[in-house]
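Colleague: Below are the structure tokens for one structure; questions will follow.
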Amino acid sequence: MSLAAYCVICCRRIGTSTSPPKSGTHWRDISKGSLFLTYEVLALKKAVTLDTQVVEREKMKSYIYVHTVSLDKGENHGIAWQARKELHKAVRKVLATSAKILRNPFADPFSTVDIEDHECAVWLLLRKSKSDDKTTRLEAVREMSETHHWHDYQYRIIAQACDPKTLIGLARSEESDLRFFLLPPPLPSLKEDSSTEEELRQLLASLPQTELDECIQYFTSLALSESSQSLAAQKISTHCDKIEANGGLQLLQRLYRLHKDCPKVQRNIMRVIGNMALNEHLHSSIVRSGWVSIMAEAMKSPHIMESSHAARILANLDRETVQEKYQDGVYVLHPQYRTSQPIKADVLFIHGLMGAAFKTWRQQDSEQAVIEKPMEDEDRYTTCWPKKVHCIQKQRTS
């Protein structure tokens, strides 16, 4: 029943609810009023159009829909579709010709894919990065890292669609844009009436203490009794599986963020992650927890200690180009990134009993640190000189 008809019936009901009129004049007035009201309602309905499909259309914008294409080549797709297809074929012929003249970056199977031309490079590199051929994969990662003219969404496409090997390779490429890396996933909420330090103590207490030497047992008990030393026992490599199973990767990431103003604590946390990365069966968990994105940013730090810890983690994760595994206390000074230059020799710097991996090789104490009050380690010492010596830049230094 239409709105206009309903209004007419209501008006008639109102008219008949009173006492009968004395003449027919009253009914004529009501009829005229009903017709006028009906006309206004119809005019309003015509002027105001309610689109009931607007909600569905807005919902569709929140998803990615893949349009299916019929396998029947003889099916009629319309003039617009045919024209677009022919245009893409012409563009690809031009690209293929220029590719042969330059360095042939396009693969033959990719020429049949129906996507926008300006997206070809993104999806081609993704395809190459998942190739069965190792050389092709490494070349794809190198081309991605050297690309700096894409839009933000194109970097995000790579970040969302690449596999862990490609992600690690990009993190170990010196020129990679940080937009290749997604933010780490949200951390789980803390337990009720619990703190980060309390959960860390519980994690330490859950680690097995059997078959360990007295030194490790001592420092573990010390960590349980003193909150400031809570990270001391986290370097035990035999406990890596237990740490991962109890949510230690997420807990350490929470601590890393919480102590963003304390480089020493962050380096201890990275040392733990580097030890866990020695176990290849834990690599997928480390990648999923978002540590690769964090280390990609740390690699670009101007502080040698921070960047070296990050380089060790990523090198232990990178099984594509690195055959060695860097144990606890071993740090790569050069090359920290992937490189195509041949390694002619290995140069190993070993410090004494009272030395340290970085402080032993400082050039001299900073004058500012001598004159003023003591500062953090990063400001107290000058740059580690083995990393700056040009005569060993073609050697692998650690």
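For the structure tokens, the naming scheme is as follows: chains receive sequential letters (A, B, ...) according to their order of presentation, residues are indexed from 1 within each chain, and ligands are indexed from 1 in presentation order.
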List the spatial neighbours of Thr166 in chain A as JSON, numbers by chain - criterion: any atom at most 10 Å away, only C-alpha atoms, same-chain residues fewer than 2 positions off excluded.
Modeller: {"A": [126, 129, 130, 137, 138, 140, 141, 142, 144, 158, 159, 161, 162, 163, 164, 168, 169, 170, 171, 172, 318, 320]}
Colleague: So that I can check the secondary structure, give me every residue of range 259-376 of chain A assigned strand (DSSP E or B) by backbone DSSP, as a ChimeraX atom specification.
Modeller: /A:334,346-347,362,365
Colleague: Pick from A:Ser145, A:Ser194, A:Thr38, A:Ser189: nearest to Ser176 in chain A, with only C-alpha atoms counted?
Modeller: A:Ser145
Colleague: DSSP on the backbone, alpha helix (DSSP H) only: what residues of range 154-377 of chain A does that give? Format it as an NGL selection string.
Modeller: :A and (154-161 or 164-171 or 196-206 or 214-225 or 240-245 or 248-258 or 263-276 or 283-288 or 291-299 or 304-317 or 367-371 or 377)
Colleague: Find the distance between CA of Ile243 in chain A and CA of Asp193 in chain A and write it in Å to one decimal.
Modeller: 21.8 Å
Colleague: Could you list, as a list in words, every residue within 8 Å of Phe358 in chain A, counting only C-alpha atoms and ignoring same-chain residues fewer than 2 positions away?
Modeller: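 Using only C-alpha atoms, the neighbours found are Met305, Ala356, Thr360, Trp361, Arg362 and Cys384 of chain A.
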Colleague: Store the residues picked out above in a file with N, CA, C and O atoms, as a short mmCIF file (atom, residue, chain, number, x, y, z; two decimals), in the first residue's frame.
Modeller:
```cif
data_model
loop_
_atom_site.label_atom_id
_atom_site.label_comp_id
_atom_site.auth_asym_id
_atom_site.auth_seq_id
_atom_site.Cartn_x
_atom_site.Cartn_y
_atom_site.Cartn_z
N MET A 305 76.81 -0.05 17.83
CA MET A 305 76.36 -1.16 18.66
C MET A 305 74.97 -1.62 18.25
O MET A 305 74.71 -2.82 18.08
N ALA A 356 85.74 -5.62 25.50
CA ALA A 356 84.37 -5.79 25.03
C ALA A 356 84.37 -5.73 23.51
O ALA A 356 85.32 -5.24 22.89
N THR A 360 86.60 -2.11 23.15
CA THR A 360 88.03 -2.37 23.03
C THR A 360 88.61 -1.70 21.79
O THR A 360 89.77 -1.27 21.79
N TRP A 361 87.81 -1.58 20.77
CA TRP A 361 88.32 -1.10 19.47
C TRP A 361 87.98 0.36 19.22
O TRP A 361 88.01 0.81 18.07
N ARG A 362 87.72 1.11 20.28
CA ARG A 362 87.49 2.54 20.11
C ARG A 362 88.81 3.25 19.81
O ARG A 362 89.89 2.78 20.23
N CYS A 384 83.89 2.80 16.46
CA CYS A 384 84.74 1.61 16.43
C CYS A 384 85.62 1.64 15.17
O CYS A 384 85.11 1.59 14.06
#
```
Colleague: Pick out the residues sitting within 9 Å of Pro185 in chain A, and hand them over as a ChimeraX atom specification; count only C-alpha atoms, and ignore anything fewer than 3 positions along from it in its own chain.
Modeller: /A:182,288-290
Colleague: Residues as selected, C-alpha atoms, written as a CSV table (one decimal), in the first residue's frame, can you do that?
Modeller:
```
chain,number,residue,atom,x,y,z
A,182,LEU,CA,54.6,-3.3,8.0
A,288,ARG,CA,55.5,-13.3,12.3
A,289,SER,CA,56.1,-11.4,15.6
A,290,GLY,CA,57.4,-8.4,13.6
```
Colleague: Give me, please, the distance in Å between CA of Phe181 in chain A and CA of Ala296 in chain A, quoted to one decimal.
Modeller: 8.0 Å
Colleague: Which neighbours of Glu297 in chain A fall inside 9 Å, counting only C-alpha atoms, when residues of the same chain fewer than 6 positions from it are skipped, and could you give them as a PyMOL selection string?
Modeller: chain A and resi 171+178+307+310
Colleague: Pick the closest to Lys264 in chain A from A:Arg201, A:His303, A:Lys46, A:Arg312: which is it, counting only C-alpha atoms?
Modeller: A:His303
Colleague: Compare A:Cys215, A:Glu174, A:Pro263, A:His283 by their minimum atom-to-atom distance to Gln336 in chain A, counting only C-alpha atoms, and give me the closest one.
Modeller: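 Looking only at the distances to Gln336 in chain A, the closest residue turns out to be A:Glu174.
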Colleague: Please report the interatomic distance between CA of Leu278 in chain A and CA of Leu317 in chain A in Å with one decimal.
Modeller: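 According to the coordinates, CA of Leu278 in chain A and CA of Leu317 in chain A are separated by 7.7 Å.
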